[in-house]
Amino acid sequence: GSFGSANDANTIRKIKLPMGYIPNIQFAPFYDAIEKGYFAKEGIEIEFDYSFETDGVSLVGAGELPFAVASGEQVLLARSQELPVVYAFAWYQKFPISIISEPDLNITKPADLRGQTIGLPGLFGANYIGLQALLFSAGLTPADVTLEAIGFNQVEAFATGQKKIVVGYAANEPIILNSQAHPVNELRVADYLQLTANGLVTSEMTIKDDPELVRRMSRALAHGIADTIANPDEAYTISEKYIEGLADMDKTVQMQVLTTSIEFWQAERIGFSNPQAWQNMNDLLVKMELIKEPLDVNKAFTNEFVP
Amino acid sequence: MDINPLKVFHPSSAKRNGMWLRVLSLGLGLVCWQITSIFSGVEVFILPPPLKVWSRFLVAAQDGSLFRDIGVTFSEVVLGLIVGVTFATILGYSVAKSRALEQVLSPYLVASQAIPVVAIAPLLVLWFGYGMFSKVLICALIVFFPVLINTIVGIRAVPQAFYDLMKSLRASRKQILMKVEIPAALPIFLGGLRIGATLSVIGAVVGELIGSKYGLGNLINRARVGYDMPMVYVAVFMLIFLALGLYGIVARIEKKLLRWQETFERLNV
Amino acid sequence: MDINPLKVFHPSSAKRNGMWLRVLSLGLGLVCWQITSIFSGVEVFILPPPLKVWSRFLVAAQDGSLFRDIGVTFSEVVLGLIVGVTFATILGYSVAKSRALEQVLSPYLVASQAIPVVAIAPLLVLWFGYGMFSKVLICALIVFFPVLINTIVGIRAVPQAFYDLMKSLRASRKQILMKVEIPAALPIFLGGLRIGATLSVIGAVVGELIGSKYGLGNLINRARVGYDMPMVYVAVFMLIFLALGLYGIVARIEKKLLRWQETFERLNV
Amino acid sequence: MYFAVKNMNTKPILTVKNLSVVFPDNNGGLHALDDISFEVFPRDFICFLGPSGSGKTTLLRILANLLPPTTGQLNFIHNQHPQIGMVFQQSNLMPWRTVMDNIKLPLELENMDESTARIKAQEMIELVGLNGFEDSWPRDLSGGMAQRVAIARALIHDPDLLLLDEPFGSLDAITRERMWTELSRIWQAKQKTVIMVTHSINESLFLADRVLVLTQRPGKIKFDLKVDLPRPRNDDIRYTPHFGKLARKLRETIE
Amino acid sequence: MYFAVKNMNTKPILTVKNLSVVFPDNNGGLHALDDISFEVFPRDFICFLGPSGSGKTTLLRILANLLPPTTGQLNFIHNQHPQIGMVFQQSNLMPWRTVMDNIKLPLELENMDESTARIKAQEMIELVGLNGFEDSWPRDLSGGMAQRVAIARALIHDPDLLLLDEPFGSLDAITRERMWTELSRIWQAKQKTVIMVTHSINESLFLADRVLVLTQRPGKIKFDLKVDLPRPRNDDIRYTPHFGKLARKLRETIE
Ligand SMILES: Nc1ncnc2c1ncn2[C@@H]1O[C@H](COP(=O)(O)OP(=O)(O)OP(=O)(O)O)[C@@H](O)[C@H]1O
Ligand SMILES: Nc1ncnc2c1ncn2[C@@H]1O[C@H](COP(=O)(O)OP(=O)(O)OP(=O)(O)O)[C@@H](O)[C@H]1O
Ligand SMILES: [Mg+2]
Ligand SMILES: [Mg+2]
């Protein structure tokens, strides 16, 4: 299937945007861009869809939807299965995964993980990829550690002492644990390896049929990100309208989530994809045997629409 | 040998007893919970004590969003229940009446149960959208099977003698259905409905976890992400009350329609 | 008025018919699927055609990992079924026998069904670990309720007359259980088991989604994340076969134990 | 006092010809009925006598169209199955209906309006002596009371053909004789045709125009007795010599 | 030929004193039995006669300890409930057991070994004339056949006290009389005590030492008849003047 193309700037284009996660302060740039009319100015009306990441990418690949928000490795994985998806705008500049450990263990570099038991949600997804990247960077293999699949219960497992090392998002689990008076040591994947992370995914069809739409999306989003970086407090207040229950949450914690996220968004040119990060990701996935042979990464992303 | 005097049965006193027992049992449950949350060493943000959940409930109740979530989930559950029960009853009746139909359909019916919703989520989304419809569908799907099976078992247990009686009176198919099959299969069918009512709640939550904007399942997700454990428990309790409410309705229907059974009020079981 | 000659029933020919019908029905299903995947316009990586799934299966079968996943899920399902059925039967029997016990327990039993596993996953994980045990527990939990309800309904449907007979013969509680209650409640109980067998498969998948290394639910996750839709379908089919297998076993037990019912083989229904 | 007159130029309302029934079993089938032929005329009162297991119930089930015969034919006049009132050997009451509701079931099936149906049912309840038990559940009835409910249910819709399978089996002598008298009265007043299975020679002679005796399994018609006792018959008739003679005849064929 | 001798210095094995039963209903309770008192001596054969609904079944249920009386007492000798064989008014066969398995149920409950039990059951099957139906399901039996299975089941474990609720109700004359003779034989040979409910005056006089007649609801004992007919009784006894006199007496009290 295909979606309608050719709009003039006057008609409002409704776009359903799969976010890959539930409403969260990390989506502040999107809320900011809507609230300030950046999308409206581009003739776009966003309808958020908070479903699974892979479903969004599948639907984009199938031409059912024009865009989705997803991580870079998803694009490579999907392309290896012949889904014609393309990464058009880099929102996260750095891979946002951390290894969180008890300070007593004194884990300060990836090599310290040797022989340890590590809890992570499952042997798939960003957590798994981030951990592997870190292990490889220190010349370790998965055989050098014990991996335990614990579901998305890293905070609980760590807080109760069941797991002394867990993998999680840099802007989430460490902050929550600190707020619950659990000091942690953190190893950020981004400090050891450049990997492509979350951004705006579109398809070859959309790029061919309506490149202008991609450009407009990118522009609006870039504005939202820039404003959020510049004024997190304002973005936070705006987000309260979009995130059910944010007002009830601990504001210092949530604000910290936002400011930590912003560290991952900082860029000289917002939206620009680092080709080396793509190459690294490609190599990693091959090494992990998640894709059989290296892909042509240049087809997987484009910086053509980055404002 | 002395034998105890027969105790004449007093329905009202039994009812009163039942109420007391239930209240006592709930109270005991709360006490256990409070004790566990104090002494188990589990942190408060993982297993919050009842009072904390209660005060979280009061806060959530005031801003009204809780009731919207309840409303959404309730509609999904009830609609799903209605759709699922309707189809299951019709199909169950047909299958109970025809061995051939059973042979043809049973693999599909069993299969429909074993397919994990997450696996076909993209298809569901593609075909039915992210709105209420897909959740109703999931509820209906999960309600379907128990009601189906119990309809089949119920209809097959109808004594042949009643069919004979109705046939001798030249009753129509519809009359046989209304006057024999439905009342005779009712106890077993209502058992299926009890199961279905509670499963429907599970269905709605699962559906909401796949993707939704509102509803108690969605609320759980939201609260977990914010590590707002008391709120998770509030949502869980709302779900429990929803299930208890539905179950209570079925139990009430049962009590009314199955007065003729009253196994308990018989003198010696 | 002429009346048709009575047709003497041939069990073997009916069985042969059943086989044919089933094969035919499955074949038809495959054809429908192939046609849908060609003409519906849904892309191959969302709804792959049967042949593609088959070849993916052959590949996965060769490297052996598929069978490990099947083995893990199978063990969880079967263990969960055993545990759930055991507890449900014991508790169902007790509840069927005592109105007071029902009053006290029913809120908890219904509640146990309405609690979404995802919501209490951290607690489950905390208390029961990440291994097979927590999955078995989830299976058992989901199997529990239908079997419980059908045990209650079944036991309550036992005719008073048989209790009278057994008491007049001074039968022990155990003898009443073995010689009256079990056989009389069997048709309804086995209905519950049918439902439980298919639900147990759902339970295992849900449990594996909470966190696991192996199993078909985990395989679905892995394959989905790798956009390997044919593999997702292979896993789904394995789950279906698992459910069909368990269901088939229950149906077989039913056929053997309920020969005396044989509603179908009666002359006129 | 008058004699039941067989009107020889009326046509039989039912002709049964060479009827046999074989039930499937593990060795060659169980012969329940063998080559049964008889005719039933309007207003006949026929009793079947026969040992336990001789196929009496099976025969009634065939007449009620509940069971197809293995071979043979069954022809109703105008090829139309008449309206039937049937009393089964087991009282066959629906446990979810009260006495009142069980009795008015046939009227419900005819879509009679509720209030008329209740009035009629109340009459039947009085006829069978169950006043005060209108709202009782079947489980709270005694065996004889349940049987009386079944009798009331078979009579209430004024059927053309009554098929009665040992309807008075578990009634005490008094109630039974009251029911005999009632049945005779109804039969005479309402011009019914009655086919009844019984074990009691007295009962058959007291009620029937004609008694057919079946043999031990497989059931064949062994004896066809015309009962030419005057009607209405009352208790005294049992002590007449003619009654005694007929009774002895039946007793002899049965033994 | 001898007379049943009541040994007046044996103690009663069962004393029933001022027994009443009230079933709960919507208006003040249903009085089923009222102030029943009687004694049963070892080897007694007692028949209860009474109209439908007079509480006969209720009385048997109390004697079998299936129902507690509302008021009154029930004392067995040595305060010990004897072993019972009971025939219920409905045949009460388990549909999931074949004829053979239904009959040997009481032996199974006594943990008798399977092969001995089967041999005994086979004897009982022959006694009640059901050879060839060992493996039939109850649903395939005729009414009388089911009743015979129930009789066989009540007798098989050689109980001390037989409680029979219209056991021969749906048997034909021949089978019924054969069963009477068998029951008398067993009663005499095995020194049993029998309490039986029946509707048939003939049956009660043919079998019993003593006939107790109950009144219309609430059931009270209206008449206590000692049956001093010589034993063994055979068919001819029915035509003796004494039999006729006793029968007339019963008939009068009942009416
Ligand atoms: N559905 C059935 N399947 C197999 N055999 C049957 C079935 N119904 C009846 N029979 C057999 O057919 C024979 C005749 O049964 P039927 O019930 O007609 O006897 P009956 O004359 O009514 O006896 P009774 O006086 O004891 O009621 C019996 O041997 C019985 O076992
Ligand atoms: N469980 C019960 N609950 C309420 N009433 C009952 C119950 N059982 C019997 N009765 C009533 O008690 C009375 C006596 O019943 P019972 O069965 O003892 O009569 P019976 O003498 O055996 O009659 P029959 O000869 O018709 O079998 C009847 O009026 C009946 O309705
Ligand atoms: Mg019969
Ligand atoms: Mg009785």
# chains A, B, ... in the order shown; residues from 1 in each chain; ligands from 1
$ interface_residues --of "chain D" --to "chain E" --cutoff "9 Å" --atoms "only C-alpha atoms" --output "number ranges by chain"
D: 25, 49-58, 89-90, 136, 141-145, 166, 169-175, 198-201, 251, 254-255
$ residues_around --residues "D:Leu161" --least-positions-apart "4" --cutoff "6 Å" --atoms "only C-alpha atoms" --output "compact mmCIF listing (two decimals) with all heavy atoms, in the first residue's frame"
# COMPACT_ATOMS: atom_id res chain seq x y z
N ILE D 84 -49.92 -35.70 20.40
CA ILE D 84 -49.66 -36.78 21.36
C ILE D 84 -49.55 -36.25 22.78
O ILE D 84 -49.02 -35.17 23.02
CB ILE D 84 -48.34 -37.49 20.98
CG1 ILE D 84 -48.57 -38.41 19.80
CG2 ILE D 84 -47.77 -38.27 22.14
CD1 ILE D 84 -47.33 -39.11 19.35
N THR D 193 -57.92 -41.56 21.71
CA THR D 193 -57.38 -42.88 21.48
C THR D 193 -56.24 -43.07 22.48
O THR D 193 -55.43 -42.17 22.65
CB THR D 193 -56.84 -43.00 20.04
OG1 THR D 193 -57.87 -42.58 19.16
CG2 THR D 193 -56.42 -44.41 19.73
N VAL D 194 -56.22 -44.23 23.13
CA VAL D 194 -55.22 -44.43 24.18
C VAL D 194 -54.45 -45.71 23.92
O VAL D 194 -55.04 -46.76 23.65
CB VAL D 194 -55.86 -44.51 25.58
CG1 VAL D 194 -54.80 -44.70 26.65
CG2 VAL D 194 -56.71 -43.29 25.86
$ residues_around --residues "B:Arg170" --least-positions-apart "6" --cutoff "12 Å" --atoms "only C-alpha atoms" --output "JSON, numbers by chain"
{"B": [163, 164, 176], "D": [64, 65, 66, 81, 82, 83, 84, 85, 86, 105, 106, 107, 108, 109, 110, 159]}
$ write_last_selection --atoms "N, CA and C atoms" --output "mmCIF file, in the first residue's frame"
data_model
loop_
_atom_site.group_PDB
_atom_site.id
_atom_site.type_symbol
_atom_site.label_atom_id
_atom_site.label_comp_id
_atom_site.auth_asym_id
_atom_site.auth_seq_id
_atom_site.Cartn_x
_atom_site.Cartn_y
_atom_site.Cartn_z
ATOM 1 N N TYR B 163 -35.351 -34.238 25.380
ATOM 2 C CA TYR B 163 -35.564 -34.117 23.940
ATOM 3 C C TYR B 163 -36.762 -34.959 23.537
ATOM 4 N N ASP B 164 -36.830 -36.175 24.095
ATOM 5 C CA ASP B 164 -37.951 -37.061 23.775
ATOM 6 C C ASP B 164 -39.267 -36.397 24.129
ATOM 7 N N ILE B 176 -37.378 -26.093 21.712
ATOM 8 C CA ILE B 176 -36.453 -27.004 22.395
ATOM 9 C C ILE B 176 -35.276 -26.214 22.957
ATOM 10 N N ALA D 64 -44.426 -42.697 18.984
ATOM 11 C CA ALA D 64 -44.301 -41.252 19.235
ATOM 12 C C ALA D 64 -43.297 -40.602 18.304
ATOM 13 N N ASN D 65 -42.768 -41.405 17.372
ATOM 14 C CA ASN D 65 -41.825 -40.877 16.407
ATOM 15 C C ASN D 65 -40.497 -40.457 17.050
ATOM 16 N N LEU D 66 -40.161 -41.108 18.144
ATOM 17 C CA LEU D 66 -38.896 -40.786 18.809
ATOM 18 C C LEU D 66 -37.777 -41.704 18.350
ATOM 19 N N HIS D 81 -48.999 -37.133 11.617
ATOM 20 C CA HIS D 81 -48.789 -37.577 12.983
ATOM 21 C C HIS D 81 -49.747 -36.820 13.900
ATOM 22 N N PRO D 82 -50.540 -37.546 14.689
ATOM 23 C CA PRO D 82 -51.516 -36.836 15.527
ATOM 24 C C PRO D 82 -50.830 -36.150 16.708
ATOM 25 N N GLN D 83 -51.606 -35.311 17.361
ATOM 26 C CA GLN D 83 -51.091 -34.676 18.573
ATOM 27 C C GLN D 83 -51.032 -35.713 19.689
ATOM 28 N N ILE D 84 -49.916 -35.704 20.403
ATOM 29 C CA ILE D 84 -49.657 -36.780 21.360
ATOM 30 C C ILE D 84 -49.548 -36.253 22.777
ATOM 31 N N GLY D 85 -50.081 -37.024 23.698
ATOM 32 C CA GLY D 85 -49.789 -36.786 25.110
ATOM 33 C C GLY D 85 -49.098 -38.030 25.611
ATOM 34 N N MET D 86 -47.904 -37.877 26.182
ATOM 35 C CA MET D 86 -47.144 -39.067 26.534
ATOM 36 C C MET D 86 -46.748 -39.038 27.995
ATOM 37 N N LEU D 105 -46.360 -26.826 30.501
ATOM 38 C CA LEU D 105 -45.411 -26.835 29.377
ATOM 39 C C LEU D 105 -46.077 -27.062 28.014
ATOM 40 N N PRO D 106 -46.937 -28.099 27.864
ATOM 41 C CA PRO D 106 -47.527 -28.320 26.533
ATOM 42 C C PRO D 106 -48.337 -27.126 26.053
ATOM 43 N N LEU D 107 -48.966 -26.404 26.985
ATOM 44 C CA LEU D 107 -49.735 -25.222 26.580
ATOM 45 C C LEU D 107 -48.801 -24.101 26.141
ATOM 46 N N GLU D 108 -47.697 -23.955 26.842
ATOM 47 C CA GLU D 108 -46.701 -22.958 26.424
ATOM 48 C C GLU D 108 -46.234 -23.229 25.000
ATOM 49 N N LEU D 109 -46.037 -24.519 24.701
ATOM 50 C CA LEU D 109 -45.537 -24.863 23.367
ATOM 51 C C LEU D 109 -46.573 -24.524 22.302
ATOM 52 N N GLU D 110 -47.844 -24.494 22.714
ATOM 53 C CA GLU D 110 -48.889 -24.087 21.764
ATOM 54 C C GLU D 110 -49.125 -22.583 21.812
ATOM 55 N N PRO D 159 -54.747 -34.003 23.955
ATOM 56 C CA PRO D 159 -54.177 -34.594 22.739
ATOM 57 C C PRO D 159 -55.109 -35.655 22.133
#
$ closest_atom_pairs --of "chain E" --to "chain B" --cutoff "9 Å" --atoms "only C-alpha atoms" --output "CSV"
residue,atom,partner,partner_atom,distance
E:Val21,CA,B:Leu6,CA,8.3
E:Val22,CA,B:Leu6,CA,8.5
E:Phe23,CA,B:Val8,CA,7.6
E:Pro24,CA,B:Val8,CA,5.9
E:Gly29,CA,B:Val8,CA,8.9
E:Asn65,CA,B:Ile3,CA,8.7
E:Leu66,CA,B:Asn268,CA,7.5
E:Leu67,CA,B:Asn268,CA,7.2
E:Pro68,CA,B:Leu6,CA,5.6
E:Pro69,CA,B:Leu6,CA,5.9
E:Thr70,CA,B:Leu6,CA,4.7
E:Thr71,CA,B:Pro5,CA,5.9
E:Gly72,CA,B:Pro5,CA,8.3
E:Gln73,CA,B:Asp2,CA,6.1
E:Leu74,CA,B:Met1,CA,6.0
E:Asn75,CA,B:Met1,CA,4.6
E:Phe76,CA,B:Met1,CA,6.1
E:Ile77,CA,B:Met1,CA,8.5
E:His78,CA,B:Met1,CA,8.6
E:Asn79,CA,B:Met1,CA,5.0
E:Gln80,CA,B:Met1,CA,7.2
E:His81,CA,B:Met1,CA,8.1
$ interface_residues --of "chain A" --to "chain C" --cutoff "10 Å" --atoms "only C-alpha atoms" --output "ChimeraX atom specification"
/A:1,53-55,57-59,61-64,73-83,119-126,147-157,160-162,290-291
$ residues_around --residues "B:Tyr108" --least-positions-apart "2" --cutoff "12 Å" --atoms "only C-alpha atoms" --output "count of residues only"
26
$ residues_around --residues "stretch 113-118 of chain E" --least-positions-apart "5" --cutoff "12 Å" --atoms "only C-alpha atoms" --output "VMD selection string"
chain E and resid 99 to 108 123 to 125 134 153 156 to 157
$ write_last_selection --atoms "all heavy atoms" --output "CSV table (one decimal), in the first residue's frame"
chain,number,residue,atom,x,y,z
E,99,VAL,N,-23.9,-52.7,34.0
E,99,VAL,CA,-24.7,-53.4,34.9
E,99,VAL,C,-23.9,-54.2,35.9
E,99,VAL,O,-24.1,-54.1,37.1
E,99,VAL,CB,-25.6,-54.4,34.1
E,99,VAL,CG1,-26.2,-55.5,34.9
E,99,VAL,CG2,-26.6,-53.7,33.3
E,100,MET,N,-22.9,-54.9,35.4
E,100,MET,CA,-22.0,-55.7,36.3
E,100,MET,C,-21.4,-54.8,37.4
E,100,MET,O,-21.4,-55.1,38.6
E,100,MET,CB,-20.9,-56.3,35.4
E,100,MET,CG,-19.7,-56.9,36.2
E,100,MET,SD,-20.1,-58.2,37.3
E,100,MET,CE,-20.0,-59.6,36.2
E,101,ASP,N,-20.8,-53.6,36.9
E,101,ASP,CA,-20.1,-52.7,37.9
E,101,ASP,C,-21.1,-52.1,38.8
E,101,ASP,O,-20.7,-51.8,40.0
E,101,ASP,CB,-19.3,-51.7,37.1
E,101,ASP,CG,-18.1,-52.3,36.4
E,101,ASP,OD1,-17.8,-53.4,36.7
E,101,ASP,OD2,-17.6,-51.7,35.5
E,102,ASN,N,-22.3,-51.8,38.4
E,102,ASN,CA,-23.3,-51.3,39.3
E,102,ASN,C,-23.6,-52.3,40.4
E,102,ASN,O,-23.7,-51.9,41.6
E,102,ASN,CB,-24.6,-50.9,38.6
E,102,ASN,CG,-24.6,-49.4,38.2
E,102,ASN,OD1,-24.7,-48.5,39.1
E,102,ASN,ND2,-24.5,-49.1,36.9
E,103,ILE,N,-23.8,-53.5,40.0
E,103,ILE,CA,-24.2,-54.5,41.0
E,103,ILE,C,-23.1,-54.8,42.0
E,103,ILE,O,-23.3,-55.0,43.2
E,103,ILE,CB,-24.6,-55.8,40.2
E,103,ILE,CG1,-25.9,-55.5,39.5
E,103,ILE,CG2,-24.8,-57.0,41.2
E,103,ILE,CD1,-26.5,-56.7,38.7
E,104,LYS,N,-21.8,-54.8,41.5
E,104,LYS,CA,-20.8,-55.1,42.5
E,104,LYS,C,-20.2,-53.9,43.3
E,104,LYS,O,-19.3,-54.0,44.1
E,104,LYS,CB,-19.6,-55.9,41.8
E,104,LYS,CG,-18.7,-55.2,40.9
E,104,LYS,CD,-17.7,-56.2,40.3
E,104,LYS,CE,-16.9,-55.6,39.2
E,104,LYS,NZ,-16.1,-54.4,39.6
E,105,LEU,N,-20.8,-52.8,43.1
E,105,LEU,CA,-20.4,-51.6,43.9
E,105,LEU,C,-20.3,-51.8,45.4
E,105,LEU,O,-19.3,-51.5,46.0
E,105,LEU,CB,-21.4,-50.4,43.6
E,105,LEU,CG,-21.1,-49.1,44.4
E,105,LEU,CD1,-19.9,-48.4,43.9
E,105,LEU,CD2,-22.3,-48.2,44.4
E,106,PRO,N,-21.4,-52.4,46.0
E,106,PRO,CA,-21.2,-52.6,47.5
E,106,PRO,C,-20.0,-53.5,47.9
E,106,PRO,O,-19.4,-53.2,48.9
E,106,PRO,CB,-22.6,-53.3,47.9
E,106,PRO,CG,-23.5,-52.9,46.8
E,106,PRO,CD,-22.7,-52.8,45.5
E,107,LEU,N,-19.7,-54.4,47.0
E,107,LEU,CA,-18.6,-55.3,47.3
E,107,LEU,C,-17.3,-54.5,47.2
E,107,LEU,O,-16.3,-54.7,47.9
E,107,LEU,CB,-18.6,-56.5,46.4
E,107,LEU,CG,-19.8,-57.4,46.5
E,107,LEU,CD1,-19.7,-58.6,45.5
E,107,LEU,CD2,-20.1,-57.8,47.9
E,108,GLU,N,-17.2,-53.6,46.1
E,108,GLU,CA,-16.0,-52.8,46.0
E,108,GLU,C,-15.8,-51.9,47.2
E,108,GLU,O,-14.7,-51.7,47.7
E,108,GLU,CB,-16.2,-51.8,44.8
E,108,GLU,CG,-15.9,-52.5,43.5
E,108,GLU,CD,-16.2,-51.5,42.3
E,108,GLU,OE1,-16.1,-50.3,42.5
E,108,GLU,OE2,-16.6,-52.0,41.2
E,123,GLU,N,-23.7,-64.2,40.0
E,123,GLU,CA,-24.8,-64.9,40.6
E,123,GLU,C,-26.1,-64.0,40.7
E,123,GLU,O,-27.2,-64.5,40.4
E,123,GLU,CB,-24.4,-65.4,42.0
E,123,GLU,CG,-23.6,-66.6,42.1
E,123,GLU,CD,-23.0,-66.9,43.5
E,123,GLU,OE1,-23.6,-66.4,44.4
E,123,GLU,OE2,-22.0,-67.6,43.5
E,124,MET,N,-25.8,-62.8,41.2
E,124,MET,CA,-27.0,-61.9,41.4
E,124,MET,C,-27.6,-61.6,40.0
E,124,MET,O,-28.8,-61.5,39.9
E,124,MET,CB,-26.5,-60.6,42.0
E,124,MET,CG,-26.1,-60.7,43.5
E,124,MET,SD,-27.2,-61.6,44.5
E,124,MET,CE,-28.7,-60.6,44.3
E,125,ILE,N,-26.8,-61.4,39.0
E,125,ILE,CA,-27.3,-61.1,37.7
E,125,ILE,C,-28.2,-62.3,37.2
E,125,ILE,O,-29.3,-62.0,36.6
E,125,ILE,CB,-26.1,-60.9,36.7
E,125,ILE,CG1,-25.5,-59.5,36.9
E,125,ILE,CG2,-26.6,-61.0,35.2
E,125,ILE,CD1,-24.2,-59.3,36.2
E,134,GLU,N,-24.6,-58.1,31.2
E,134,GLU,CA,-23.5,-57.7,32.1
E,134,GLU,C,-22.8,-56.4,31.7
E,134,GLU,O,-22.5,-55.6,32.6
E,134,GLU,CB,-22.5,-58.8,32.2
E,134,GLU,CG,-22.9,-60.1,32.9
E,134,GLU,CD,-23.7,-61.0,32.0
E,134,GLU,OE1,-23.9,-60.6,30.8
E,134,GLU,OE2,-24.0,-62.1,32.4
E,153,ARG,N,-28.2,-55.1,43.4
E,153,ARG,CA,-27.2,-54.3,44.1
E,153,ARG,C,-27.5,-54.3,45.6
E,153,ARG,O,-26.6,-54.3,46.5
E,153,ARG,CB,-27.1,-52.9,43.6
E,153,ARG,CG,-26.1,-52.0,44.2
E,153,ARG,CD,-26.1,-50.6,43.5
E,153,ARG,NE,-27.3,-50.0,43.7
E,153,ARG,CZ,-27.7,-48.8,43.0
E,153,ARG,NH1,-26.8,-48.2,42.3
E,153,ARG,NH2,-28.8,-48.3,43.2
E,156,ILE,N,-26.6,-57.9,47.2
E,156,ILE,CA,-25.3,-58.6,46.9
E,156,ILE,C,-24.4,-58.7,48.2
E,156,ILE,O,-23.7,-59.7,48.3
E,156,ILE,CB,-24.5,-58.0,45.7
E,156,ILE,CG1,-23.4,-58.9,45.3
E,156,ILE,CG2,-24.0,-56.6,46.1
E,156,ILE,CD1,-22.8,-58.5,44.0
E,157,HIS,N,-24.4,-57.7,49.0
E,157,HIS,CA,-23.4,-57.7,50.1
E,157,HIS,C,-24.0,-58.3,51.4
E,157,HIS,O,-23.4,-58.1,52.5
E,157,HIS,CB,-22.8,-56.3,50.3
E,157,HIS,CG,-23.8,-55.3,50.7
E,157,HIS,ND1,-24.9,-55.1,50.0
E,157,HIS,CD2,-23.8,-54.4,51.7
E,157,HIS,CE1,-25.6,-54.1,50.5
E,157,HIS,NE2,-25.0,-53.7,51.6
